[in-house]
$ cat structure39.txt   # compact mmCIF, C-alpha atoms
# COMPACT_ATOMS: atom_id res chain seq x y z
CA MET A 1 23.55 -94.65 35.94
CA ALA A 2 20.38 -93.82 33.99
CA THR A 3 17.07 -95.29 35.09
CA ALA A 4 14.85 -97.28 32.76
CA GLY A 5 12.28 -94.48 32.88
CA ALA A 6 14.87 -91.85 31.88
CA ILE A 7 16.07 -94.02 28.99
CA ALA A 8 12.50 -94.61 27.81
CA SER A 9 11.74 -90.86 28.01
CA THR A 10 14.88 -90.02 26.04
CA ALA A 11 14.07 -92.67 23.44
CA MET A 12 10.51 -91.36 23.07
CA PHE A 13 11.79 -87.78 22.73
CA LEU A 14 14.23 -88.83 19.99
CA LEU A 15 11.46 -90.75 18.20
CA VAL A 16 9.22 -87.66 18.22
CA VAL A 17 12.05 -85.39 17.03
CA LEU A 18 13.04 -87.76 14.21
CA SER A 19 9.42 -88.21 13.14
CA ALA A 20 8.85 -84.44 13.08
CA SER A 21 12.10 -83.95 11.19
CA HIS A 22 11.06 -86.53 8.58
CA MET A 23 7.65 -84.86 8.12
CA ALA A 24 9.28 -81.44 7.90
CA SER A 25 11.68 -82.65 5.22
CA SER A 26 8.69 -83.86 3.16
CA LEU A 27 6.79 -80.58 3.48
CA ARG A 28 8.92 -77.66 2.26
CA LEU A 29 8.14 -74.05 1.57
CA GLY A 30 7.82 -73.33 -2.11
CA ALA A 31 7.48 -70.09 -4.02
CA GLY A 32 4.87 -67.91 -2.39
CA GLY A 33 5.34 -69.60 0.99
CA LEU A 34 2.77 -72.37 0.50
CA GLY A 35 3.76 -75.84 1.63
CA VAL A 36 4.89 -78.10 -1.18
CA CYS A 37 4.68 -81.80 -0.52
CA ARG A 38 7.59 -83.78 -1.94
CA ALA A 39 8.12 -87.53 -2.21
CA SER A 40 9.49 -88.97 1.02
CA GLY A 41 10.79 -92.17 -0.59
CA TYR A 42 10.22 -94.71 -3.32
CA LEU A 43 8.49 -98.09 -3.21
CA PRO A 44 9.87 -100.88 -5.41
CA GLY A 45 7.10 -102.31 -7.56
CA ARG A 46 5.83 -105.86 -7.30
CA SER A 47 3.19 -107.16 -9.69
CA GLY A 48 0.39 -109.47 -8.63
CA ASN A 49 -3.31 -110.22 -9.04
CA CYS A 50 -4.58 -106.69 -9.80
CA GLU A 51 -8.42 -106.59 -10.09
CA LYS A 52 -9.10 -104.35 -13.10
CA SER A 53 -12.80 -103.43 -12.82
CA ASN A 54 -12.14 -99.65 -12.99
CA ASP A 55 -9.03 -99.82 -15.17
CA PRO A 56 -6.53 -99.17 -12.34
CA ASP A 57 -2.80 -98.67 -12.78
CA CYS A 58 -1.24 -101.95 -11.70
CA CYS A 59 2.27 -102.27 -10.24
CA GLU A 60 5.12 -103.43 -12.43
CA ASP A 61 8.03 -105.48 -11.13
CA GLY A 62 11.11 -103.36 -10.50
CA LYS A 63 9.48 -99.99 -11.23
CA GLU A 64 9.88 -97.42 -8.44
CA TYR A 65 6.79 -95.54 -7.21
CA PRO A 66 6.96 -92.28 -5.20
CA GLN A 67 5.67 -92.32 -1.62
CA TYR A 68 4.12 -89.29 0.10
CA ARG A 69 3.47 -88.79 3.81
CA CYS A 70 1.97 -85.34 3.16
CA SER A 71 -0.52 -83.66 0.85
CA PRO A 72 -0.81 -80.05 -0.36
CA PRO A 73 -2.37 -77.67 2.19
CA VAL A 74 -6.15 -77.76 2.51
CA THR A 75 -7.80 -74.47 1.49
CA ALA A 76 -11.35 -73.25 0.92
CA SER A 77 -11.01 -74.69 -2.60
CA THR A 78 -8.30 -77.36 -2.58
CA LYS A 79 -7.13 -78.48 -6.03
CA ALA A 80 -7.04 -82.25 -6.49
CA VAL A 81 -7.39 -85.06 -8.98
CA LEU A 82 -10.55 -87.18 -8.87
CA THR A 83 -10.00 -90.87 -9.59
CA LEU A 84 -12.54 -93.68 -9.88
CA ASN A 85 -12.70 -96.43 -7.26
CA SER A 86 -15.16 -99.11 -6.25
CA PHE A 87 -15.56 -99.59 -2.50
CA GLU A 88 -17.50 -102.86 -3.02
CA LYS A 89 -16.15 -106.22 -1.87
CA GLY A 90 -14.14 -107.99 -4.56
CA LYS A 91 -13.63 -104.87 -6.66
CA ASP A 92 -10.55 -102.69 -7.24
CA GLY A 93 -10.76 -100.88 -3.88
CA GLY A 94 -9.02 -103.71 -2.04
CA GLY A 95 -10.09 -104.38 1.55
CA PRO A 96 -12.86 -102.80 3.60
CA SER A 97 -12.81 -99.03 4.19
CA GLU A 98 -10.48 -97.95 6.95
CA CYS A 99 -12.92 -95.61 8.71
CA ASP A 100 -15.67 -98.16 9.37
CA ASN A 101 -14.14 -101.51 8.37
CA ALA A 102 -17.00 -101.94 5.87
CA TYR A 103 -17.54 -102.14 2.13
CA HIS A 104 -19.74 -99.56 0.39
CA SER A 105 -22.06 -99.86 -2.59
CA ASP A 106 -21.10 -98.13 -5.84
CA GLU A 107 -24.40 -96.24 -5.38
CA GLU A 108 -23.07 -94.48 -2.22
CA LYS A 109 -21.32 -91.13 -2.52
CA VAL A 110 -18.07 -92.03 -0.72
CA VAL A 111 -14.40 -91.13 -1.15
CA ALA A 112 -10.89 -91.98 -0.04
CA LEU A 113 -8.39 -89.15 0.49
CA SER A 114 -4.61 -89.21 -0.03
CA THR A 115 -2.64 -90.01 3.13
CA GLY A 116 -1.84 -86.40 4.10
CA TRP A 117 -5.44 -85.23 3.70
CA PHE A 118 -6.80 -88.37 5.42
CA SER A 119 -4.70 -87.22 8.39
CA ASN A 120 -4.61 -90.43 10.44
CA MET A 121 -8.39 -90.91 10.18
CA ALA A 122 -9.14 -87.33 11.34
CA ARG A 123 -11.49 -86.79 8.36
CA CYS A 124 -13.36 -90.11 8.74
CA GLY A 125 -17.09 -89.61 8.38
CA HIS A 126 -16.73 -85.98 7.28
CA GLN A 127 -18.71 -84.73 4.32
CA ILE A 128 -16.60 -82.94 1.72
CA LYS A 129 -17.86 -80.85 -1.17
CA ILE A 130 -16.41 -81.83 -4.54
CA SER A 131 -16.71 -79.48 -7.52
CA ALA A 132 -15.98 -80.12 -11.20
CA ASN A 133 -17.24 -78.63 -14.47
CA GLY A 134 -19.71 -76.33 -12.71
CA ASN A 135 -21.30 -79.16 -10.69
CA SER A 136 -20.90 -79.99 -6.99
CA VAL A 137 -21.66 -83.00 -4.80
CA TYR A 138 -21.18 -83.92 -1.16
CA ALA A 139 -19.44 -87.20 -0.37
CA LYS A 140 -18.49 -88.97 2.84
CA VAL A 141 -14.84 -89.76 3.64
CA VAL A 142 -14.63 -93.49 4.40
CA ASP A 143 -11.08 -94.48 3.49
CA GLU A 144 -7.48 -93.51 2.83
CA CYS A 145 -5.99 -93.52 -0.64
CA ASP A 146 -2.65 -94.77 0.67
CA SER A 147 0.20 -92.57 -0.58
CA VAL A 148 2.89 -94.63 1.17
CA HIS A 149 2.08 -98.32 0.72
CA GLY A 150 1.01 -100.34 -2.29
CA CYS A 151 2.00 -103.08 -4.73
CA ASP A 152 0.54 -105.73 -2.42
CA ASP A 153 -2.69 -107.69 -2.04
CA GLU A 154 -4.17 -105.21 0.47
CA HIS A 155 -3.80 -102.43 -2.13
CA ASN A 156 -4.92 -104.51 -5.15
CA PHE A 157 -1.32 -104.50 -6.41
CA GLU A 158 -1.75 -100.83 -7.30
CA PRO A 159 1.01 -98.26 -6.64
CA PRO A 160 0.72 -95.73 -3.81
CA CYS A 161 -1.68 -92.85 -4.58
CA ASP A 162 -0.30 -89.47 -5.51
CA ASN A 163 -0.48 -86.86 -2.75
CA ASN A 164 -3.44 -84.98 -4.29
CA ILE A 165 -6.06 -87.68 -4.89
CA VAL A 166 -9.76 -87.84 -4.07
CA ASP A 167 -10.62 -91.43 -4.97
CA ALA A 168 -14.39 -91.49 -5.52
CA SER A 169 -17.15 -94.04 -6.00
CA PRO A 170 -19.06 -94.25 -9.29
CA ALA A 171 -22.00 -92.47 -7.56
CA VAL A 172 -19.81 -89.36 -7.07
CA TRP A 173 -18.76 -89.41 -10.72
CA ASP A 174 -22.39 -89.77 -11.80
CA ALA A 175 -23.57 -86.93 -9.54
CA LEU A 176 -20.91 -84.67 -11.08
CA GLY A 177 -21.98 -85.69 -14.60
CA LEU A 178 -18.50 -87.06 -15.37
CA ASP A 179 -17.55 -89.77 -17.85
CA GLN A 180 -16.13 -92.65 -15.79
CA SER A 181 -14.09 -93.91 -18.75
CA VAL A 182 -11.86 -90.82 -18.46
CA GLY A 183 -10.54 -92.13 -15.13
CA MET A 184 -9.02 -88.87 -13.82
CA VAL A 185 -10.44 -85.34 -13.64
CA ASP A 186 -9.16 -82.09 -12.08
CA ILE A 187 -11.46 -80.98 -9.27
CA THR A 188 -11.56 -78.82 -6.17
CA TRP A 189 -12.82 -79.94 -2.76
CA SER A 190 -13.57 -78.32 0.56
CA GLU A 191 -14.69 -79.27 4.02
CA GLU A 192 -18.28 -78.25 4.67
$ encode --input "structure39.txt" --output "structure tokens"
Amino acid sequence: MATAGAIASTAMFLLVVLSASHMASSLRLGAGGLGVCRASGYLPGRSGNCEKSNDPDCCEDGKEYPQYRCSPPVTASTKAVLTLNSFEKGKDGGGPSECDNAYHSDEEKVVALSTGWFSNMARCGHQIKISANGNSVYAKVVDECDSVHGCDDEHNFEPPCDNNIVDASPAVWDALGLDQSVGMVDITWSEE
């Protein structure tokens, strides 16, 4: 007869194997051998009170939104999409930042990274260098741009982020000389 400890060890082993298998199925090798992050599921949309200060995409009832547990590999010049987000209380950023459980002024150069890049808070407090249109700025990672969850009050009834998002405060956009009304800009970022 198996002991409780042996059963718990076996259960933990299976949990680790299944978790690794799920992550591996999301991150596949594409042409050239670089990891390609694919959707790991779909979230059914649910509309609600979506605060629209920075013209966010708001969830629609019944629409399905892709979920990502991974992001493209980080390189010396990682390609991404910069989006606009307020980290102030009562604005479109939702709750307080995950790294420090605080809100941040729109004058601070702060960002949220897609789930895979956020890496379970491993990049909290790190400065990243963001480059666009010949300009660069350093910004502090304070939050996750959740690529798995969304369409609820905690996420301002916005869909999950894509897997390649750097969600930045207005101060970052201003420092890069970008027009905030555009809403999305191709950038590169690196860890410095």
$ atom_distance --input "structure39.txt" --atom1 "atom CA of His155 of chain A" --atom2 "atom CA of Gly177 of chain A"
27.7 Å
$ closest_residue --input "structure39.txt" --among "A:Tyr42, A:Tyr65, A:Tyr103, A:Trp173" --to "Val137 of chain A" --atoms "only C-alpha atoms"
A:Trp173
$ residues_near_point --input "structure39.txt" --point "(-15.1, -102.0, -13.6)" --cutoff "10 Å" --atoms "all atoms listed in the file" --output "ChimeraX atom specification"
/A:51-56,84-86,91-92,170,180-181
$ closest_residue --input "structure39.txt" --among "A:His126, A:Arg38, A:Lys109, A:Lys79" --to "Gln67 of chain A" --atoms "only C-alpha atoms"
A:Arg38
$ axis_aligned_box --input "structure39.txt" --around "segment 179-191 of chain A" --padding-each-side "6 Å" --output "JSON"
{"center_x": -13.3, "center_y": -86.1, "center_z": -7.4, "size_x": 20.5, "size_y": 27.6, "size_z": 34.8}
$ closest_residue --input "structure39.txt" --among "A:Leu113, A:Cys50, A:Val36, A:Val148" --to "Ile165 of chain A" --atoms "all atoms listed in the file"
A:Leu113
$ residues_around --input "structure39.txt" --residues "Ser131 of chain A" --least-positions-apart "2" --cutoff "12 Å" --atoms "only C-alpha atoms" --output "ChimeraX atom specification"
/A:76-82,128-129,133-139,166,172-173,175-178,185-191
$ closest_residue --input "structure39.txt" --among "A:Ser169, A:Pro72, A:Pro160, A:Arg46" --to "Glu88 of chain A" --atoms "only C-alpha atoms"
A:Ser169
$ closest_residue --input "structure39.txt" --among "A:Ala168, A:Asp162, A:Gly116, A:Asp61" --to "Lys140 of chain A" --atoms "all atoms listed in the file"
A:Ala168
$ closest_residue --input "structure39.txt" --among "A:Gly41, A:Asp57, A:Lys89, A:Ser105" --to "Pro159 of chain A" --atoms "all atoms listed in the file"
A:Asp57
